[in-house]
Amino acid sequence: MIRLLEVLPEMGNETNFTGNISSGDFGLGTLKLDPKRPINTGHKLSRKGKPFHNWSETVDRAQKEAVVAELGEIFESSGVVVVAHYAGLTVADMETLRAQMREAGGHVRVAKNRLAKIALEDKPCASIADLLSGMTVLTYSEDPVAAAKVAQAYSKENEKFEILGGAMGENVLDVAGVKAVAAMPSREELISSIAGCIGAPASNIAGAIGAPASNIAGILSTIEDKAA
């Protein structure tokens, strides 16, 4: 007589049974559920009773880690990040937002709040994690104003797009803060304005804005002299 504990586990039948059968009846003996063994939960168990990590779980974990890394880079390197609710927006609405953001040099990112909160850990703007509840979307840009401008304008076009706040570097913004940033001139507008004041090519000004503070101070001094 032999004791049957599992029936064809290789076929996916992981329910545990016990029963007394003879070696010649090919497993067709009387079976009953073993009360001492756990009921099948959909995972194969190791000899220690712990579930094996299958291939799909490993891939899923790797994908989540990649998303967290991507979001961390967004929070760390963007000039401005705006958080908004988007419940009720249609696919066409989202495509319109993405197109407007692309045109301004910005981007739109929808991600699970839990992963975004993990990505925010130890970041200067970590406190915006409090904004991440419900259906949230991130709009961001390297330009410290562009994403805020587009988001603010879009919120006026579509009331279902509700701005919650955001961050500019380590500075956390509330709704009023995002609105104030949106009212500021963008980098391109600033370059054009300065170029017009001092009569220098815009390309020279663009280089100077990314240069050491002493160069920028020289530009501002020139503007003051011309205004005097």
# chains A, B, ... in the order shown; residues from 1 in each chain; ligands from 1
>>> residues_around(residues="range 96-106 of chain A", least_positions_apart="4", cutoff="10 Å", atoms="only C-alpha atoms", output="list in words")
Ser78, Val80, Val81, Thr90, Val91, Ala92, Thr139, Tyr140, Ser141, Glu142, Asp143, Val145, Ala146, Ala147, Ala148, Lys149, Val150, Ala151, Ala153, Tyr154, Ser155, Asn158, Phe161 and Ser186 of chain A
>>> residues_around(residues="Arg114 in chain A", least_positions_apart="3", cutoff="12 Å", atoms="only C-alpha atoms", output="PyMOL selection string")
chain A and resi 64-65+67-68+71+110-111+117-121+129-136
>>> write_last_selection(atoms="N, CA and C atoms", output="PDB file, in the first residue's frame")
ATOM      1  N   LYS A  64       8.391  46.751 -12.268  1.00  0.00           N
ATOM      2  CA  LYS A  64       8.073  47.746 -11.248  1.00  0.00           C
ATOM      3  C   LYS A  64       9.322  48.522 -10.837  1.00  0.00           C
ATOM      4  N   GLU A  65      10.440  47.824 -10.726  1.00  0.00           N
ATOM      5  CA  GLU A  65      11.694  48.491 -10.366  1.00  0.00           C
ATOM      6  C   GLU A  65      12.101  49.480 -11.446  1.00  0.00           C
ATOM      7  N   VAL A  67      10.018  51.085 -13.461  1.00  0.00           N
ATOM      8  CA  VAL A  67       9.104  52.224 -13.373  1.00  0.00           C
ATOM      9  C   VAL A  67       9.519  53.153 -12.235  1.00  0.00           C
ATOM     10  N   VAL A  68       9.872  52.575 -11.084  1.00  0.00           N
ATOM     11  CA  VAL A  68      10.310  53.385  -9.938  1.00  0.00           C
ATOM     12  C   VAL A  68      11.558  54.184 -10.289  1.00  0.00           C
ATOM     13  N   LEU A  71      10.511  57.050 -12.645  1.00  0.00           N
ATOM     14  CA  LEU A  71       9.824  58.112 -11.907  1.00  0.00           C
ATOM     15  C   LEU A  71      10.799  58.886 -11.029  1.00  0.00           C
ATOM     16  N   VAL A 110       1.455  58.714 -16.492  1.00  0.00           N
ATOM     17  CA  VAL A 110       0.498  58.129 -15.565  1.00  0.00           C
ATOM     18  C   VAL A 110       1.163  56.898 -14.950  1.00  0.00           C
ATOM     19  N   ALA A 111       1.146  56.809 -13.638  1.00  0.00           N
ATOM     20  CA  ALA A 111       1.771  55.675 -12.961  1.00  0.00           C
ATOM     21  C   ALA A 111       1.001  55.371 -11.686  1.00  0.00           C
ATOM     22  N   LYS A 117       5.182  56.967  -5.044  1.00  0.00           N
ATOM     23  CA  LYS A 117       5.561  57.299  -3.669  1.00  0.00           C
ATOM     24  C   LYS A 117       6.903  56.671  -3.307  1.00  0.00           C
ATOM     25  N   ILE A 118       7.133  55.469  -3.785  1.00  0.00           N
ATOM     26  CA  ILE A 118       8.434  54.823  -3.549  1.00  0.00           C
ATOM     27  C   ILE A 118       9.535  55.627  -4.241  1.00  0.00           C
ATOM     28  N   ALA A 119       9.265  56.071  -5.472  1.00  0.00           N
ATOM     29  CA  ALA A 119      10.249  56.850  -6.234  1.00  0.00           C
ATOM     30  C   ALA A 119      10.561  58.181  -5.559  1.00  0.00           C
ATOM     31  N   LEU A 120       9.608  58.722  -4.811  1.00  0.00           N
ATOM     32  CA  LEU A 120       9.793  60.019  -4.154  1.00  0.00           C
ATOM     33  C   LEU A 120      10.629  59.941  -2.873  1.00  0.00           C
ATOM     34  N   GLU A 121      10.830  58.748  -2.378  1.00  0.00           N
ATOM     35  CA  GLU A 121      11.575  58.604  -1.131  1.00  0.00           C
ATOM     36  C   GLU A 121      12.980  59.199  -1.267  1.00  0.00           C
ATOM     37  N   ALA A 129       4.236  63.512  -2.163  1.00  0.00           N
ATOM     38  CA  ALA A 129       3.619  62.183  -2.094  1.00  0.00           C
ATOM     39  C   ALA A 129       2.222  62.276  -1.501  1.00  0.00           C
ATOM     40  N   ASP A 130       1.980  63.296  -0.687  1.00  0.00           N
ATOM     41  CA  ASP A 130       0.657  63.495  -0.085  1.00  0.00           C
ATOM     42  C   ASP A 130      -0.408  63.799  -1.140  1.00  0.00           C
ATOM     43  N   LEU A 131       0.027  64.240  -2.317  1.00  0.00           N
ATOM     44  CA  LEU A 131      -0.919  64.567  -3.388  1.00  0.00           C
ATOM     45  C   LEU A 131      -1.353  63.333  -4.173  1.00  0.00           C
ATOM     46  N   LEU A 132      -0.609  62.248  -3.989  1.00  0.00           N
ATOM     47  CA  LEU A 132      -0.816  61.064  -4.818  1.00  0.00           C
ATOM     48  C   LEU A 132      -1.893  60.150  -4.244  1.00  0.00           C
ATOM     49  N   SER A 133      -3.125  60.479  -4.540  1.00  0.00           N
ATOM     50  CA  SER A 133      -4.255  59.630  -4.169  1.00  0.00           C
ATOM     51  C   SER A 133      -5.302  59.756  -5.270  1.00  0.00           C
ATOM     52  N   GLY A 134      -5.996  58.673  -5.519  1.00  0.00           N
ATOM     53  CA  GLY A 134      -6.969  58.675  -6.608  1.00  0.00           C
ATOM     54  C   GLY A 134      -6.291  58.558  -7.964  1.00  0.00           C
ATOM     55  N   MET A 135      -6.976  58.977  -9.002  1.00  0.00           N
ATOM     56  CA  MET A 135      -6.441  58.892 -10.360  1.00  0.00           C
ATOM     57  C   MET A 135      -5.580  60.124 -10.638  1.00  0.00           C
ATOM     58  N   THR A 136      -4.265  59.961 -10.491  1.00  0.00           N
ATOM     59  CA  THR A 136      -3.359  61.098 -10.659  1.00  0.00           C
ATOM     60  C   THR A 136      -2.502  60.944 -11.912  1.00  0.00           C
TER      61      THR A 136
END
>>> atom_distance(atom1="CA of Gln152 in chain A", atom2="CA of Ile74 in chain A")
19.5 Å
>>> closest_residue(among="A:Asn171, A:Lys156, A:Ala183, A:Arg109", to="Cys125 in chain A", atoms="only C-alpha atoms")
A:Asn171
>>> select_by_dssp(residues="range 158-187 of chain A", states="strand (DSSP E)", output="list in words")
Glu162, Ile163, Leu164, Gly165, Gly166, Ala167, Met168, Asn171, Val172 and Leu173 of chain A
>>> write_last_selection(atoms="N, CA and C atoms", output="JSON list (two decimals), in the first residue's frame")
[["chain", "number", "residue", "atom", "x", "y", "z"],
["A", 162, "GLU", "N", -7.92, 68.37, -12.89],
["A", 162, "GLU", "CA", -7.85, 69.17, -11.67],
["A", 162, "GLU", "C", -6.44, 69.20, -11.10],
["A", 163, "ILE", "N", -5.80, 70.35, -11.13],
["A", 163, "ILE", "CA", -4.44, 70.49, -10.61],
["A", 163, "ILE", "C", -4.46, 70.40, -9.08],
["A", 164, "LEU", "N", -3.56, 69.58, -8.53],
["A", 164, "LEU", "CA", -3.48, 69.39, -7.08],
["A", 164, "LEU", "C", -2.30, 70.12, -6.46],
["A", 165, "GLY", "N", -1.25, 70.32, -7.25],
["A", 165, "GLY", "CA", -0.02, 70.94, -6.76],
["A", 165, "GLY", "C", 1.15, 70.42, -7.56],
["A", 166, "GLY", "N", 2.34, 70.53, -7.01],
["A", 166, "GLY", "CA", 3.51, 70.05, -7.73],
["A", 166, "GLY", "C", 4.80, 70.44, -7.04],
["A", 167, "ALA", "N", 5.86, 70.51, -7.80],
["A", 167, "ALA", "CA", 7.16, 70.84, -7.24],
["A", 167, "ALA", "C", 8.04, 71.49, -8.30],
["A", 168, "MET", "N", 8.83, 72.46, -7.86],
["A", 168, "MET", "CA", 9.85, 73.07, -8.71],
["A", 168, "MET", "C", 11.17, 72.87, -7.96],
["A", 171, "ASN", "N", 11.27, 72.90, -4.08],
["A", 171, "ASN", "CA", 10.16, 73.74, -3.62],
["A", 171, "ASN", "C", 8.82, 73.09, -3.97],
["A", 172, "VAL", "N", 8.06, 72.77, -2.95],
["A", 172, "VAL", "CA", 6.74, 72.16, -3.15],
["A", 172, "VAL", "C", 5.72, 73.25, -3.44],
["A", 173, "LEU", "N", 4.86, 72.98, -4.42],
["A", 173, "LEU", "CA", 3.88, 73.98, -4.87],
["A", 173, "LEU", "C", 2.46, 73.50, -4.55]]
>>> select_by_dssp(residues="range 56-101 of chain A", states="alpha helix (DSSP H)", output="PyMOL selection string")
chain A and resi 56-77+91-101
>>> write_last_selection(atoms="N, CA and C atoms", output="compact mmCIF listing (two decimals), in the first residue's frame")
# COMPACT_ATOMS: atom_id res chain seq x y z
N SER A 56 6.96 34.76 -14.11
CA SER A 56 6.13 35.94 -14.29
C SER A 56 6.26 36.91 -13.12
N GLU A 57 6.42 36.38 -11.90
CA GLU A 57 6.60 37.25 -10.74
C GLU A 57 7.92 38.00 -10.82
N THR A 58 8.95 37.32 -11.31
CA THR A 58 10.27 37.95 -11.44
C THR A 58 10.22 39.08 -12.46
N VAL A 59 9.56 38.83 -13.58
CA VAL A 59 9.42 39.86 -14.62
C VAL A 59 8.63 41.04 -14.09
N ASP A 60 7.53 40.76 -13.38
CA ASP A 60 6.69 41.82 -12.83
C ASP A 60 7.48 42.69 -11.86
N ARG A 61 8.30 42.07 -11.03
CA ARG A 61 9.11 42.83 -10.08
C ARG A 61 10.12 43.70 -10.82
N ALA A 62 10.74 43.16 -11.86
CA ALA A 62 11.72 43.92 -12.64
C ALA A 62 11.06 45.12 -13.32
N GLN A 63 9.84 44.93 -13.83
CA GLN A 63 9.12 46.02 -14.47
C GLN A 63 8.80 47.14 -13.48
N LYS A 64 8.39 46.75 -12.27
CA LYS A 64 8.07 47.75 -11.25
C LYS A 64 9.32 48.52 -10.84
N GLU A 65 10.44 47.82 -10.73
CA GLU A 65 11.69 48.49 -10.37
C GLU A 65 12.10 49.48 -11.45
N ALA A 66 11.85 49.12 -12.71
CA ALA A 66 12.18 50.02 -13.82
C ALA A 66 11.30 51.26 -13.79
N VAL A 67 10.02 51.09 -13.46
CA VAL A 67 9.10 52.22 -13.37
C VAL A 67 9.52 53.15 -12.23
N VAL A 68 9.87 52.58 -11.08
CA VAL A 68 10.31 53.39 -9.94
C VAL A 68 11.56 54.18 -10.29
N ALA A 69 12.49 53.55 -11.00
CA ALA A 69 13.72 54.24 -11.41
C ALA A 69 13.40 55.39 -12.37
N GLU A 70 12.49 55.14 -13.31
CA GLU A 70 12.09 56.17 -14.27
C GLU A 70 11.43 57.36 -13.57
N LEU A 71 10.51 57.05 -12.64
CA LEU A 71 9.82 58.11 -11.91
C LEU A 71 10.80 58.89 -11.03
N GLY A 72 11.76 58.18 -10.44
CA GLY A 72 12.75 58.85 -9.61
C GLY A 72 13.56 59.86 -10.40
N GLU A 73 13.88 59.50 -11.65
CA GLU A 73 14.63 60.41 -12.52
C GLU A 73 13.77 61.63 -12.86
N ILE A 74 12.47 61.42 -13.08
CA ILE A 74 11.55 62.53 -13.37
C ILE A 74 11.52 63.50 -12.21
N PHE A 75 11.33 62.99 -11.00
CA PHE A 75 11.25 63.85 -9.83
C PHE A 75 12.56 64.58 -9.53
N GLU A 76 13.67 63.93 -9.87
CA GLU A 76 14.97 64.49 -9.53
C GLU A 76 15.49 65.50 -10.55
N SER A 77 15.19 65.28 -11.82
CA SER A 77 15.82 66.10 -12.85
C SER A 77 14.90 67.10 -13.54
N VAL A 91 -9.88 59.22 -23.69
CA VAL A 91 -8.60 58.94 -24.35
C VAL A 91 -8.22 60.12 -25.25
N ALA A 92 -9.21 60.67 -25.93
CA ALA A 92 -8.96 61.82 -26.80
C ALA A 92 -8.49 63.03 -25.99
N ASP A 93 -9.08 63.21 -24.80
CA ASP A 93 -8.66 64.31 -23.93
C ASP A 93 -7.19 64.17 -23.54
N MET A 94 -6.81 62.95 -23.17
CA MET A 94 -5.42 62.70 -22.75
C MET A 94 -4.46 62.90 -23.92
N GLU A 95 -4.89 62.50 -25.11
CA GLU A 95 -4.04 62.69 -26.28
C GLU A 95 -3.84 64.17 -26.57
N THR A 96 -4.89 64.96 -26.36
CA THR A 96 -4.78 66.41 -26.55
C THR A 96 -3.78 67.00 -25.55
N LEU A 97 -3.89 66.57 -24.30
CA LEU A 97 -2.95 67.04 -23.28
C LEU A 97 -1.52 66.66 -23.63
N ARG A 98 -1.32 65.43 -24.04
CA ARG A 98 0.03 64.96 -24.39
C ARG A 98 0.59 65.78 -25.56
N ALA A 99 -0.24 66.05 -26.55
CA ALA A 99 0.20 66.80 -27.72
C ALA A 99 0.60 68.22 -27.33
N GLN A 100 -0.21 68.87 -26.50
CA GLN A 100 0.10 70.23 -26.06
C GLN A 100 1.37 70.25 -25.22
N MET A 101 1.54 69.23 -24.39
CA MET A 101 2.73 69.17 -23.54
C MET A 101 3.98 68.92 -24.39
>>> decode(residues="range 48-105 of chain A", atoms="C-alpha atoms", output="short mmCIF file (atom, residue, chain, number, x, y, z; two decimals), in the first residue's frame")
data_model
loop_
_atom_site.label_atom_id
_atom_site.label_comp_id
_atom_site.auth_asym_id
_atom_site.auth_seq_id
_atom_site.Cartn_x
_atom_site.Cartn_y
_atom_site.Cartn_z
CA LYS A 48 9.31 24.23 3.49
CA GLY A 49 5.76 25.26 2.62
CA LYS A 50 6.76 28.58 1.02
CA PRO A 51 5.58 29.51 -2.50
CA PHE A 52 8.08 29.34 -5.34
CA HIS A 53 8.70 32.62 -7.21
CA ASN A 54 7.83 31.88 -10.80
CA TRP A 55 9.11 33.59 -13.92
CA SER A 56 6.13 35.94 -14.29
CA GLU A 57 6.60 37.25 -10.74
CA THR A 58 10.27 37.95 -11.44
CA VAL A 59 9.42 39.86 -14.62
CA ASP A 60 6.69 41.82 -12.83
CA ARG A 61 9.11 42.83 -10.08
CA ALA A 62 11.72 43.92 -12.64
CA GLN A 63 9.12 46.02 -14.47
CA LYS A 64 8.07 47.75 -11.25
CA GLU A 65 11.69 48.49 -10.37
CA ALA A 66 12.18 50.02 -13.82
CA VAL A 67 9.10 52.22 -13.37
CA VAL A 68 10.31 53.39 -9.94
CA ALA A 69 13.72 54.24 -11.41
CA GLU A 70 12.09 56.17 -14.27
CA LEU A 71 9.82 58.11 -11.91
CA GLY A 72 12.75 58.85 -9.61
CA GLU A 73 14.63 60.41 -12.52
CA ILE A 74 11.55 62.53 -13.37
CA PHE A 75 11.25 63.85 -9.83
CA GLU A 76 14.97 64.49 -9.53
CA SER A 77 15.82 66.10 -12.85
CA SER A 78 12.66 67.92 -14.00
CA GLY A 79 12.50 71.70 -13.76
CA VAL A 80 8.86 71.46 -12.69
CA VAL A 81 6.41 68.64 -11.94
CA VAL A 82 2.65 69.17 -11.73
CA VAL A 83 0.31 66.61 -10.16
CA ALA A 84 -3.32 66.53 -11.24
CA HIS A 85 -6.44 64.38 -11.09
CA TYR A 86 -7.67 63.15 -14.47
CA ALA A 87 -10.79 61.15 -13.57
CA GLY A 88 -13.35 61.53 -16.34
CA LEU A 89 -10.90 62.44 -19.11
CA THR A 90 -11.39 60.48 -22.32
CA VAL A 91 -8.60 58.94 -24.35
CA ALA A 92 -8.96 61.82 -26.80
CA ASP A 93 -8.66 64.31 -23.93
CA MET A 94 -5.42 62.70 -22.75
CA GLU A 95 -4.04 62.69 -26.28
CA THR A 96 -4.78 66.41 -26.55
CA LEU A 97 -2.95 67.04 -23.28
CA ARG A 98 0.03 64.96 -24.39
CA ALA A 99 0.20 66.80 -27.72
CA GLN A 100 0.10 70.23 -26.06
CA MET A 101 2.73 69.17 -23.54
CA ARG A 102 5.00 67.77 -26.26
CA GLU A 103 4.75 70.99 -28.22
CA ALA A 104 5.99 72.90 -25.15
CA GLY A 105 8.80 70.41 -24.49
#
